[in-house]
$ cat protein-v9.cif   # mmCIF, C-alpha atoms and all ligand atoms
data_target
#
loop_
_atom_site.label_atom_id
_atom_site.label_comp_id
_atom_site.auth_asym_id
_atom_site.auth_seq_id
_atom_site.Cartn_x
_atom_site.Cartn_y
_atom_site.Cartn_z
CA MET A 1 112.00 115.33 94.64
CA LEU A 2 113.76 112.32 93.14
CA ILE A 3 110.75 110.09 93.89
CA LYS A 4 108.67 112.11 91.41
CA ASP A 5 111.28 111.80 88.65
CA THR A 6 110.57 109.59 85.67
CA ILE A 7 112.69 106.49 85.16
CA LYS A 8 113.30 104.26 82.17
CA VAL A 9 112.85 100.56 82.91
CA GLY A 10 113.28 98.29 79.92
CA ASN A 11 111.04 99.68 77.21
CA PHE A 12 108.93 101.80 79.60
CA THR A 13 109.30 105.28 81.02
CA LEU A 14 107.64 105.22 84.43
CA LYS A 15 106.04 108.45 85.62
CA ASN A 16 107.68 108.21 89.05
CA ARG A 17 109.84 105.88 91.15
CA MET A 18 107.23 104.72 93.63
CA VAL A 19 106.09 101.12 93.27
CA LYS A 20 103.13 99.31 94.75
CA ALA A 21 104.75 96.10 96.02
CA PRO A 22 103.04 92.74 95.47
CA ILE A 23 100.74 92.00 98.39
CA HIS A 24 98.54 88.93 98.43
CA SER A 25 95.00 90.36 98.68
CA GLU A 26 93.51 87.05 99.94
CA THR A 27 90.43 87.64 97.81
CA CYS A 28 90.49 84.89 95.16
CA VAL A 29 88.29 81.82 95.01
CA ASP A 30 89.69 78.70 93.32
CA GLY A 31 92.47 80.98 92.03
CA LYS A 32 89.99 83.26 90.28
CA VAL A 33 89.77 87.02 90.63
CA THR A 34 86.58 88.14 92.43
CA LYS A 35 84.67 91.43 92.74
CA GLU A 36 86.53 91.87 96.03
CA THR A 37 89.87 91.55 94.22
CA GLU A 38 88.78 94.17 91.69
CA LYS A 39 87.77 96.58 94.46
CA HIS A 40 91.05 95.92 96.30
CA TYR A 41 93.05 97.03 93.24
CA GLU A 42 90.70 99.86 92.25
CA ASP A 43 90.98 101.39 95.74
CA ARG A 44 94.75 100.97 95.96
CA THR A 45 95.77 102.16 92.49
CA LYS A 46 93.28 104.97 91.85
CA GLY A 47 94.73 108.22 90.60
CA GLY A 48 97.61 106.36 88.96
CA ARG A 49 99.87 107.46 91.81
CA PHE A 50 102.43 104.66 91.34
CA GLY A 51 104.92 104.51 88.49
CA LEU A 52 104.63 100.73 88.65
CA VAL A 53 102.13 98.32 90.21
CA VAL A 54 103.24 94.74 90.86
CA VAL A 55 100.18 92.50 91.15
CA GLU A 56 100.36 89.84 93.86
CA HIS A 57 101.95 86.41 93.46
CA CYS A 58 100.05 84.02 91.19
CA PHE A 59 100.75 80.31 91.31
CA VAL A 60 102.00 78.79 88.07
CA ARG A 61 100.97 75.22 88.93
CA LYS A 62 98.57 73.81 91.49
CA ASP A 63 101.27 72.09 93.55
CA GLY A 64 102.82 75.53 94.08
CA MET A 65 99.74 77.15 95.59
CA ALA A 66 100.73 78.96 98.81
CA SER A 67 97.23 79.47 100.21
CA ALA A 68 93.60 78.74 99.39
CA THR A 69 92.86 82.38 98.43
CA GLN A 70 95.87 82.86 96.14
CA MET A 71 95.47 84.16 92.58
CA SER A 72 96.21 81.74 89.74
CA ALA A 73 98.00 82.18 86.43
CA SER A 74 98.14 78.42 85.95
CA ARG A 75 95.22 77.98 83.49
CA ASP A 76 94.06 79.74 80.36
CA SER A 77 90.71 80.24 82.07
CA ASP A 78 92.47 82.60 84.51
CA ILE A 79 93.28 85.14 81.78
CA ASP A 80 89.86 86.84 81.96
CA GLY A 81 90.15 87.71 85.65
CA LEU A 82 93.81 88.68 85.36
CA LYS A 83 92.81 91.04 82.55
CA ARG A 84 90.15 92.72 84.70
CA ILE A 85 92.81 93.64 87.31
CA CYS A 86 95.23 94.77 84.62
CA ASP A 87 92.56 96.99 83.02
CA ILE A 88 91.79 98.62 86.39
CA ILE A 89 95.46 99.52 86.90
CA HIS A 90 95.90 100.75 83.33
CA ASN A 91 92.70 102.80 83.44
CA ASN A 92 93.98 104.41 86.63
CA GLY A 93 97.20 105.30 84.79
CA SER A 94 100.01 103.00 86.02
CA VAL A 95 102.21 100.41 84.36
CA ALA A 96 101.21 96.93 85.58
CA ILE A 97 103.20 93.72 85.89
CA LEU A 98 102.09 90.35 87.26
CA GLN A 99 104.12 88.33 89.75
CA ILE A 100 104.44 84.60 89.00
CA SER A 101 105.43 82.09 91.63
CA HIS A 102 105.57 78.53 92.92
CA ALA A 103 105.65 78.03 96.68
CA GLY A 104 107.75 74.85 96.53
CA CYS A 105 108.10 73.33 100.01
CA GLY A 106 105.68 75.97 101.32
CA ALA A 107 102.69 74.51 99.45
CA SER A 108 100.82 72.26 101.84
CA ARG A 109 98.79 69.19 100.90
CA GLU A 110 95.91 70.73 102.87
CA VAL A 111 95.67 73.45 100.20
CA THR A 112 96.80 71.63 97.05
CA GLY A 113 95.88 68.00 97.73
CA LEU A 114 99.35 67.18 96.38
CA GLN A 115 102.77 66.30 97.74
CA PRO A 116 105.02 69.38 97.95
CA VAL A 117 108.09 69.51 95.68
CA SER A 118 111.30 71.51 95.95
CA SER A 119 114.96 71.67 94.96
CA SER A 120 115.74 69.24 97.83
CA ASN A 121 113.72 67.37 100.43
CA ILE A 122 114.01 70.12 103.03
CA SER A 123 111.20 72.09 104.58
CA VAL A 124 111.68 75.68 105.76
CA PRO A 125 109.24 78.43 106.77
CA CYS A 126 108.06 80.15 103.55
CA GLY A 127 106.41 83.38 102.55
CA TRP A 128 105.91 84.76 106.01
CA PRO A 129 108.42 85.61 108.75
CA ASN A 130 108.08 83.25 111.73
CA SER A 131 105.71 80.95 109.85
CA LYS A 132 105.96 77.22 110.58
CA PRO A 133 107.62 74.89 108.05
CA ASN A 134 105.29 72.59 106.16
CA PRO A 135 105.19 69.39 108.28
CA GLU A 136 105.28 67.27 105.09
CA LEU A 137 108.77 67.10 103.58
CA PRO A 138 108.88 68.00 99.87
CA ARG A 139 110.04 65.58 97.22
CA SER A 140 113.20 66.69 95.41
CA LEU A 141 112.52 67.41 91.70
CA THR A 142 114.35 65.37 89.06
CA VAL A 143 116.11 67.27 86.27
CA ASN A 144 113.29 66.36 83.86
CA GLU A 145 110.76 67.63 86.35
CA ILE A 146 112.67 70.93 86.68
CA HIS A 147 112.40 71.38 82.91
CA ASP A 148 108.70 70.55 83.09
CA LEU A 149 108.20 73.08 85.90
CA GLU A 150 109.95 75.75 83.82
CA GLY A 151 107.28 75.22 81.17
CA TYR A 152 104.60 76.14 83.74
CA TYR A 153 106.37 79.40 84.64
CA ILE A 154 106.78 80.23 80.95
CA ARG A 155 103.12 79.57 80.15
CA ALA A 156 102.04 81.68 83.15
CA ALA A 157 104.19 84.56 81.86
CA GLU A 158 102.61 84.18 78.44
CA ARG A 159 99.14 84.39 80.03
CA ALA A 160 100.16 87.60 81.83
CA VAL A 161 101.02 89.24 78.53
CA LYS A 162 97.84 87.86 76.90
CA ALA A 163 95.88 89.46 79.76
CA GLY A 164 97.43 92.82 78.83
CA TYR A 165 100.15 93.18 81.50
CA ASP A 166 103.21 95.23 80.62
CA GLY A 167 105.40 92.44 81.90
CA ILE A 168 106.08 90.05 84.74
CA ASN A 169 107.83 89.81 88.09
CA LEU A 170 109.54 86.47 88.66
CA HIS A 171 109.33 85.60 92.37
CA SER A 172 112.64 84.33 93.73
CA ALA A 173 112.39 85.53 97.32
CA HIS A 174 110.87 84.68 100.71
CA ALA A 175 111.96 81.01 100.63
CA TYR A 176 109.58 80.12 97.78
CA MET A 177 110.60 77.71 95.00
CA LEU A 178 113.18 79.77 93.10
CA ASP A 179 114.69 80.93 96.39
CA GLN A 180 114.78 77.24 97.40
CA PHE A 181 117.12 76.74 94.43
CA TYR A 182 119.07 79.94 95.14
CA SER A 183 119.72 79.44 98.87
CA PRO A 184 122.32 76.88 100.00
CA ILE A 185 120.14 76.36 103.08
CA THR A 186 117.47 74.66 100.96
CA ASN A 187 119.42 73.55 97.90
CA LYS A 188 121.46 70.43 98.71
CA ARG A 189 121.59 69.16 95.12
CA THR A 190 124.84 67.94 93.60
CA ASP A 191 123.82 68.00 89.89
CA GLU A 192 123.88 70.98 87.48
CA TYR A 193 121.28 72.74 89.70
CA ASN A 194 123.56 72.31 92.73
CA GLY A 195 123.47 74.44 95.84
CA TYR A 196 127.22 75.09 96.12
CA THR A 197 127.98 77.21 93.04
CA ILE A 198 126.33 80.39 91.76
CA GLU A 199 125.97 78.66 88.37
CA GLY A 200 124.04 75.79 89.97
CA ARG A 201 121.95 77.97 92.24
CA THR A 202 120.89 80.28 89.39
CA ARG A 203 120.63 77.74 86.57
CA ILE A 204 116.84 77.55 86.83
CA HIS A 205 116.63 81.36 86.86
CA MET A 206 118.80 81.66 83.76
CA GLU A 207 116.73 79.06 81.91
CA LEU A 208 113.54 80.82 82.95
CA ILE A 209 114.78 84.25 81.87
CA LYS A 210 115.56 82.85 78.42
CA GLY A 211 112.32 80.89 78.13
CA ILE A 212 110.10 83.68 79.41
CA ARG A 213 111.76 86.30 77.19
CA GLU A 214 110.99 84.13 74.18
CA VAL A 215 107.25 84.24 74.91
CA ILE A 216 106.85 87.78 76.31
CA GLY A 217 109.13 89.41 73.73
CA ASP A 218 111.75 92.15 74.08
CA LYS A 219 109.26 94.92 74.70
CA SER A 220 107.67 93.51 77.90
CA LEU A 221 109.10 94.48 81.26
CA PHE A 222 110.93 91.65 83.02
CA ALA A 223 111.45 92.14 86.78
CA LEU A 224 113.05 89.59 89.06
CA ARG A 225 112.36 89.71 92.80
CA LEU A 226 115.42 88.29 94.53
CA GLY A 227 115.75 87.18 98.14
CA GLY A 228 119.06 88.99 98.27
CA CYS A 229 120.33 87.72 101.62
CA ASP A 230 119.41 85.12 104.25
CA TYR A 231 121.37 86.95 106.99
CA THR A 232 122.29 83.60 108.53
CA THR A 233 125.34 81.35 108.57
CA GLY A 234 125.45 79.09 105.51
CA GLY A 235 122.79 81.13 103.70
CA THR A 236 122.87 83.51 100.72
CA THR A 237 125.12 86.54 101.02
CA ILE A 238 125.08 90.02 99.54
CA ALA A 239 128.21 89.16 97.54
CA ASP A 240 126.32 86.17 96.00
CA SER A 241 123.48 88.45 95.02
CA VAL A 242 125.75 90.99 93.34
CA GLU A 243 127.13 88.14 91.25
CA ALA A 244 123.67 86.68 90.55
CA CYS A 245 122.20 90.05 89.54
CA LYS A 246 125.03 90.69 87.08
CA ARG A 247 124.09 87.37 85.45
CA PHE A 248 120.37 88.24 85.45
CA GLU A 249 121.10 91.59 83.81
CA GLN A 250 123.22 89.92 81.16
CA ALA A 251 120.44 87.39 80.51
CA GLY A 252 117.86 90.10 79.84
CA VAL A 253 116.20 91.16 83.10
CA ASP A 254 115.10 94.83 83.11
CA LEU A 255 114.59 95.41 86.83
CA ILE A 256 116.08 93.86 89.98
CA ASP A 257 113.55 93.87 92.83
CA ILE A 258 115.31 93.30 96.18
CA SER A 259 113.67 91.62 99.16
CA GLY A 260 114.70 89.00 101.76
CA GLY A 261 115.49 85.32 101.30
CA THR A 262 114.75 82.66 103.91
CA CYS A 263 114.21 85.53 106.40
CA CYS A 264 111.20 86.35 104.15
CA PHE A 265 110.14 89.98 103.71
CA MET A 266 111.23 91.20 107.14
CA ARG A 267 114.60 91.35 108.81
CA LYS A 268 114.84 90.42 112.47
CA GLY A 269 115.77 93.39 114.66
CA HIS A 270 115.66 95.84 111.71
CA THR A 271 112.52 97.89 111.26
CA TYR A 272 113.87 101.14 109.80
CA PRO A 273 112.79 102.21 106.29
CA GLY A 274 114.73 100.31 103.63
CA TYR A 275 115.94 97.50 105.90
CA PHE A 276 117.24 95.56 102.87
CA GLY A 277 119.15 98.66 101.69
CA ASP A 278 122.55 97.03 102.24
CA ILE A 279 121.66 94.50 99.50
CA SER A 280 120.15 96.95 97.01
CA GLU A 281 122.98 99.45 97.47
CA ALA A 282 125.62 96.79 96.74
CA VAL A 283 123.70 95.48 93.70
CA LYS A 284 123.02 99.00 92.37
CA LYS A 285 126.77 99.71 92.27
CA GLU A 286 127.39 96.72 90.00
CA VAL A 287 124.48 96.59 87.53
CA HIS A 288 123.29 99.02 84.87
CA ILE A 289 119.57 98.29 85.21
CA PRO A 290 117.31 99.88 87.87
CA VAL A 291 117.20 98.37 91.35
CA LEU A 292 114.03 98.43 93.44
CA LEU A 293 114.11 98.35 97.26
CA THR A 294 111.11 97.42 99.44
CA GLY A 295 110.68 97.07 103.19
CA GLY A 296 109.75 99.36 106.06
CA VAL A 297 108.84 102.46 104.04
CA LYS A 298 105.87 104.28 105.54
CA THR A 299 106.02 107.77 104.02
CA VAL A 300 106.92 109.37 100.71
CA GLN A 301 109.68 111.19 102.63
CA ASP A 302 111.16 107.82 103.72
CA ALA A 303 111.27 106.80 100.06
CA GLU A 304 112.83 110.11 99.01
CA ALA A 305 115.58 109.76 101.65
CA LEU A 306 116.48 106.26 100.41
CA LEU A 307 116.80 107.54 96.84
CA GLN A 308 118.92 110.50 98.03
CA GLU A 309 121.20 108.02 99.83
CA GLN A 310 121.59 106.03 96.57
CA LYS A 311 120.22 102.89 98.21
CA ALA A 312 118.14 102.10 95.10
CA ASP A 313 116.58 103.61 91.97
CA MET A 314 112.95 102.87 92.90
CA ILE A 315 111.13 102.25 96.17
CA GLY A 316 108.37 99.71 96.85
CA VAL A 317 105.66 100.03 99.46
CA GLY A 318 103.47 97.22 100.74
CA ARG A 319 101.72 96.97 104.10
CA ILE A 320 101.00 100.65 104.53
CA ILE A 321 98.95 100.63 101.28
CA THR A 322 97.00 97.58 102.42
CA ALA A 323 96.16 99.42 105.64
CA HIS A 324 95.56 102.85 104.02
CA ALA A 325 94.20 102.45 100.51
CA ASP A 326 94.69 106.16 99.69
CA TRP A 327 98.37 106.15 100.65
CA GLY A 328 100.64 108.11 98.29
CA MET A 329 98.04 110.41 96.71
CA GLU A 330 100.47 113.33 97.22
CA LEU A 331 102.59 111.82 94.45
CA ILE A 332 100.09 113.06 91.87
CA ARG A 333 99.41 116.44 93.40
C1 LIG B 1 99.93 90.35 103.63
C2 LIG B 1 101.19 90.32 102.80
C3 LIG B 1 101.16 89.75 101.56
C4 LIG B 1 102.32 89.73 100.76
N1 LIG B 1 102.26 89.19 99.52
C5 LIG B 1 103.38 89.18 98.74
C6 LIG B 1 103.35 88.65 97.42
O1 LIG B 1 102.31 88.25 96.91
N2 LIG B 1 104.52 88.62 96.74
C7 LIG B 1 105.71 89.11 97.25
O2 LIG B 1 106.75 89.06 96.58
N3 LIG B 1 105.73 89.67 98.47
C8 LIG B 1 104.62 89.73 99.22
N4 LIG B 1 104.65 90.34 100.44
C9 LIG B 1 105.85 91.13 100.81
C10 LIG B 1 105.68 92.60 100.34
O3 LIG B 1 105.72 92.72 98.95
C11 LIG B 1 106.77 93.52 100.93
O4 LIG B 1 108.02 93.08 100.47
C12 LIG B 1 106.76 93.51 102.46
O5 LIG B 1 105.46 93.73 102.96
C13 LIG B 1 107.72 94.57 103.02
O6 LIG B 1 107.37 95.86 102.55
P1 LIG B 1 106.52 96.88 103.46
O7 LIG B 1 107.32 97.11 104.70
O8 LIG B 1 106.39 98.11 102.62
O9 LIG B 1 105.23 96.22 103.76
C14 LIG B 1 103.51 90.34 101.25
C15 LIG B 1 103.52 90.93 102.51
C16 LIG B 1 102.38 90.92 103.29
C17 LIG B 1 102.43 91.60 104.64
#
$ encode --input "protein-v9.cif" --output "structure tokens" --more "lines below"
Ligand SMILES: Cc1cc2nc3c(=O)[nH]c(=O)nc-3n(C[C@H](O)[C@H](O)[C@H](O)COP(=O)(O)O)c2cc1C
Amino acid sequence: MLIKDTIKVGNFTLKNRMVKAPIHSETCVDGKVTKETEKHYEDRTKGGRFGLVVVEHCFVRKDGMASATQMSASRDSDIDGLKRICDIIHNNGSVAILQISHAGCGASREVTGLQPVSSSNISVPCGWPNSKPNPELPRSLTVNEIHDLEGYYIRAAERAVKAGYDGINLHSAHAYMLDQFYSPITNKRTDEYNGYTIEGRTRIHMELIKGIREVIGDKSLFALRLGGCDYTTGGTTIADSVEACKRFEQAGVDLIDISGGTCCFMRKGHTYPGYFGDISEAVKKEVHIPVLLTGGVKTVQDAEALLQEQKADMIGVGRIITAHADWGMELIR
């Protein structure tokens, strides 16, 4: 079975090609890991059945907090709790990376106490298919504020490595902040971070890749989760994402993790395993680093079929593991 084959990603050789996708466990209090969070990860990673575990999105700054129970990587005092989760995954035998994120226009004042900020003053549904847009319009970031925000992402990545993680996953999908720069639907800027050229739409990503690499070093695994298509007129296209991923590879990303853009993590009218496979297949043909595909996979056989069809190099699984904590044990038998 291809799914049980090892794969080299950056400096790591993963024991298989099955990935536990990032899924918000909704177990943190004031951003801090709790006993419930520890149990959530212990139950879902035991046996070391996944080649790679991506730990749920952590906010890099308070004004980017997507929900009241979200995990934080925004303060040095978070490192202890982040380390406890990392140790659980390592002790179980998998490589572990931490996802870092800012919700942008999706962060409501109700949760953060702060005005939302974004690439432009546009509000769209974020994080969750069919969610409602934040009723408060975000304030558009100035160029200086973009540079300041980059510092928060970089420090969060540094904390991940200090906590023992093998690397990070930079969240640029599901209409969150970096996707708000990437998608022309949300990015109406006309400066160097503009929404009408690939250079402008990916400038913040390119600056982050450089800045994060400097603090996590060459040996850490750098994954980038890209909302690879909006599947709507005027939105991001698969051709854009092929171009963007070539740039990300060149800049030093080790793994491209494909999901949806402003459509979030589901695709209307498409429920079959690997429903973002048209994106990952196109990207895989044009880059030399591994491509990860997530969405709709319910069995190890589904994942195997997607690999056989060359849709991707690795397969992520989310909701089915939340529902069935023991899912995938056959991978280690
Ligand atoms: C409850 C829930 C929480 C999620 N949390 C995250 C997250 O923290 N970061 C992220 O990039 N995607 C998140 N996702 C999306 C999943 O990683 C995955 O892409 C999606 O569930 C589709 O894969 P699946 O069909 O295997 O579940 C979440 C999805 C759900 C249902």
$ residues_near_ligand --input "protein-v9.cif" --ligand "ligand LIG 1 (chain B)" --cutoff "8 Å" --atoms "only C-alpha atoms and all ligand atoms" --output "ChimeraX atom specification"
/A:21-25,55-58,99,127-128,171,173-174,225,259-260,264-266,273,294-298,316-322
$ residues_around --input "protein-v9.cif" --residues "Leu221 of chain A" --least-positions-apart "2" --cutoff "6 Å" --atoms "only C-alpha atoms" --output "list in words"
Gly10, Asp166 and Gly167 of chain A
$ atom_distance --input "protein-v9.cif" --atom1 "atom CA of Leu208 of chain A" --atom2 "atom CA of Leu224 of chain A"
10.7 Å
$ atom_distance --input "protein-v9.cif" --atom1 "atom CA of Asp240 of chain A" --atom2 "atom CA of Glu281 of chain A"
13.8 Å
$ residues_around --input "protein-v9.cif" --residues "Pro129 of chain A" --least-positions-apart "3" --cutoff "12 Å" --atoms "all atoms listed in the file" --output "PDB file with C-alpha atoms, in the coordinates of the input"
ATOM      1  CA  VAL A 124     111.680  75.680 105.760  1.00  0.00           C
ATOM      2  CA  PRO A 125     109.240  78.430 106.770  1.00  0.00           C
ATOM      3  CA  CYS A 126     108.060  80.150 103.550  1.00  0.00           C
ATOM      4  CA  LYS A 132     105.960  77.220 110.580  1.00  0.00           C
ATOM      5  CA  PRO A 133     107.620  74.890 108.050  1.00  0.00           C
ATOM      6  CA  HIS A 174     110.870  84.680 100.710  1.00  0.00           C
ATOM      7  CA  ALA A 175     111.960  81.010 100.630  1.00  0.00           C
ATOM      8  CA  ASP A 230     119.410  85.120 104.250  1.00  0.00           C
ATOM      9  CA  GLY A 260     114.700  89.000 101.760  1.00  0.00           C
ATOM     10  CA  GLY A 261     115.490  85.320 101.300  1.00  0.00           C
ATOM     11  CA  THR A 262     114.750  82.660 103.910  1.00  0.00           C
ATOM     12  CA  CYS A 263     114.210  85.530 106.400  1.00  0.00           C
ATOM     13  CA  CYS A 264     111.200  86.350 104.150  1.00  0.00           C
ATOM     14  CA  PHE A 265     110.140  89.980 103.710  1.00  0.00           C
ATOM     15  CA  MET A 266     111.230  91.200 107.140  1.00  0.00           C
ATOM     16  CA  ARG A 267     114.600  91.350 108.810  1.00  0.00           C
ATOM     17  CA  LYS A 268     114.840  90.420 112.470  1.00  0.00           C
TER      18      LYS A 268
END
$ atom_distance --input "protein-v9.cif" --atom1 "atom CA of Ala239 of chain A" --atom2 "atom CA of Val117 of chain A"
28.2 Å
$ residues_near_point --input "protein-v9.cif" --point "(118.7, 101.8, 90.1)" --cutoff "9 Å" --atoms "all atoms listed in the file" --output "ChimeraX atom specification"
/A:255-256,280-281,283-285,287-292,310-314
$ closest_residue --input "protein-v9.cif" --among "A:Asp5, A:Asp257, A:Glu26, A:Glu309" --to "Leu170 of chain A" --atoms "only C-alpha atoms"
A:Asp257
$ residues_around --input "protein-v9.cif" --residues "Ser220 of chain A" --least-positions-apart "5" --cutoff "10 Å" --atoms "all atoms listed in the file" --output "list in words"
Gly10, Asn11, Phe12, Ile97, Val161, Tyr165, Asp166, Gly167, Ile168, Arg213, Val215 and Asp254 of chain A
$ write_last_selection --input "protein-v9.cif" --atoms "C-alpha atoms" --output "short mmCIF file (atom, residue, chain, number, x, y, z; two decimals), in the frame of the given file"
data_model
loop_
_atom_site.label_atom_id
_atom_site.label_comp_id
_atom_site.auth_asym_id
_atom_site.auth_seq_id
_atom_site.Cartn_x
_atom_site.Cartn_y
_atom_site.Cartn_z
CA GLY A 10 113.28 98.29 79.92
CA ASN A 11 111.04 99.68 77.21
CA PHE A 12 108.93 101.80 79.60
CA ILE A 97 103.20 93.72 85.89
CA VAL A 161 101.02 89.24 78.53
CA TYR A 165 100.15 93.18 81.50
CA ASP A 166 103.21 95.23 80.62
CA GLY A 167 105.40 92.44 81.90
CA ILE A 168 106.08 90.05 84.74
CA ARG A 213 111.76 86.30 77.19
CA VAL A 215 107.25 84.24 74.91
CA ASP A 254 115.10 94.83 83.11
#
$ build_atoms --input "protein-v9.cif" --residues "segment 198-209 of chain A" --atoms "N, CA and C atoms" --output "CSV table (one decimal), in the frame of the given file"
chain,number,residue,atom,x,y,z
A,198,ILE,N,127.3,79.4,92.3
A,198,ILE,CA,126.3,80.4,91.8
A,198,ILE,C,125.7,79.9,90.5
A,199,GLU,N,126.5,79.2,89.6
A,199,GLU,CA,126.0,78.7,88.4
A,199,GLU,C,124.8,77.7,88.7
A,200,GLY,N,125.1,76.8,89.6
A,200,GLY,CA,124.0,75.8,90.0
A,200,GLY,C,122.8,76.4,90.6
A,201,ARG,N,123.1,77.4,91.5
A,201,ARG,CA,122.0,78.0,92.2
A,201,ARG,C,121.1,78.9,91.4
A,202,THR,N,121.7,79.4,90.3
A,202,THR,CA,120.9,80.3,89.4
A,202,THR,C,120.6,79.6,88.0
A,203,ARG,N,120.9,78.4,87.9
A,203,ARG,CA,120.6,77.7,86.6
A,203,ARG,C,119.2,77.8,86.2
A,204,ILE,N,118.3,77.5,87.1
A,204,ILE,CA,116.8,77.6,86.8
A,204,ILE,C,116.4,79.0,86.5
A,205,HIS,N,117.0,80.0,87.2
A,205,HIS,CA,116.6,81.4,86.9
A,205,HIS,C,117.1,81.7,85.4
A,206,MET,N,118.3,81.3,85.1
A,206,MET,CA,118.8,81.7,83.8
A,206,MET,C,118.0,81.0,82.7
A,207,GLU,N,117.6,79.8,82.9
A,207,GLU,CA,116.7,79.1,81.9
A,207,GLU,C,115.4,79.7,81.8
A,208,LEU,N,114.8,80.2,83.0
A,208,LEU,CA,113.5,80.8,83.0
A,208,LEU,C,113.6,82.2,82.3
A,209,ILE,N,114.7,82.9,82.5
A,209,ILE,CA,114.8,84.2,81.9
A,209,ILE,C,114.8,84.1,80.3
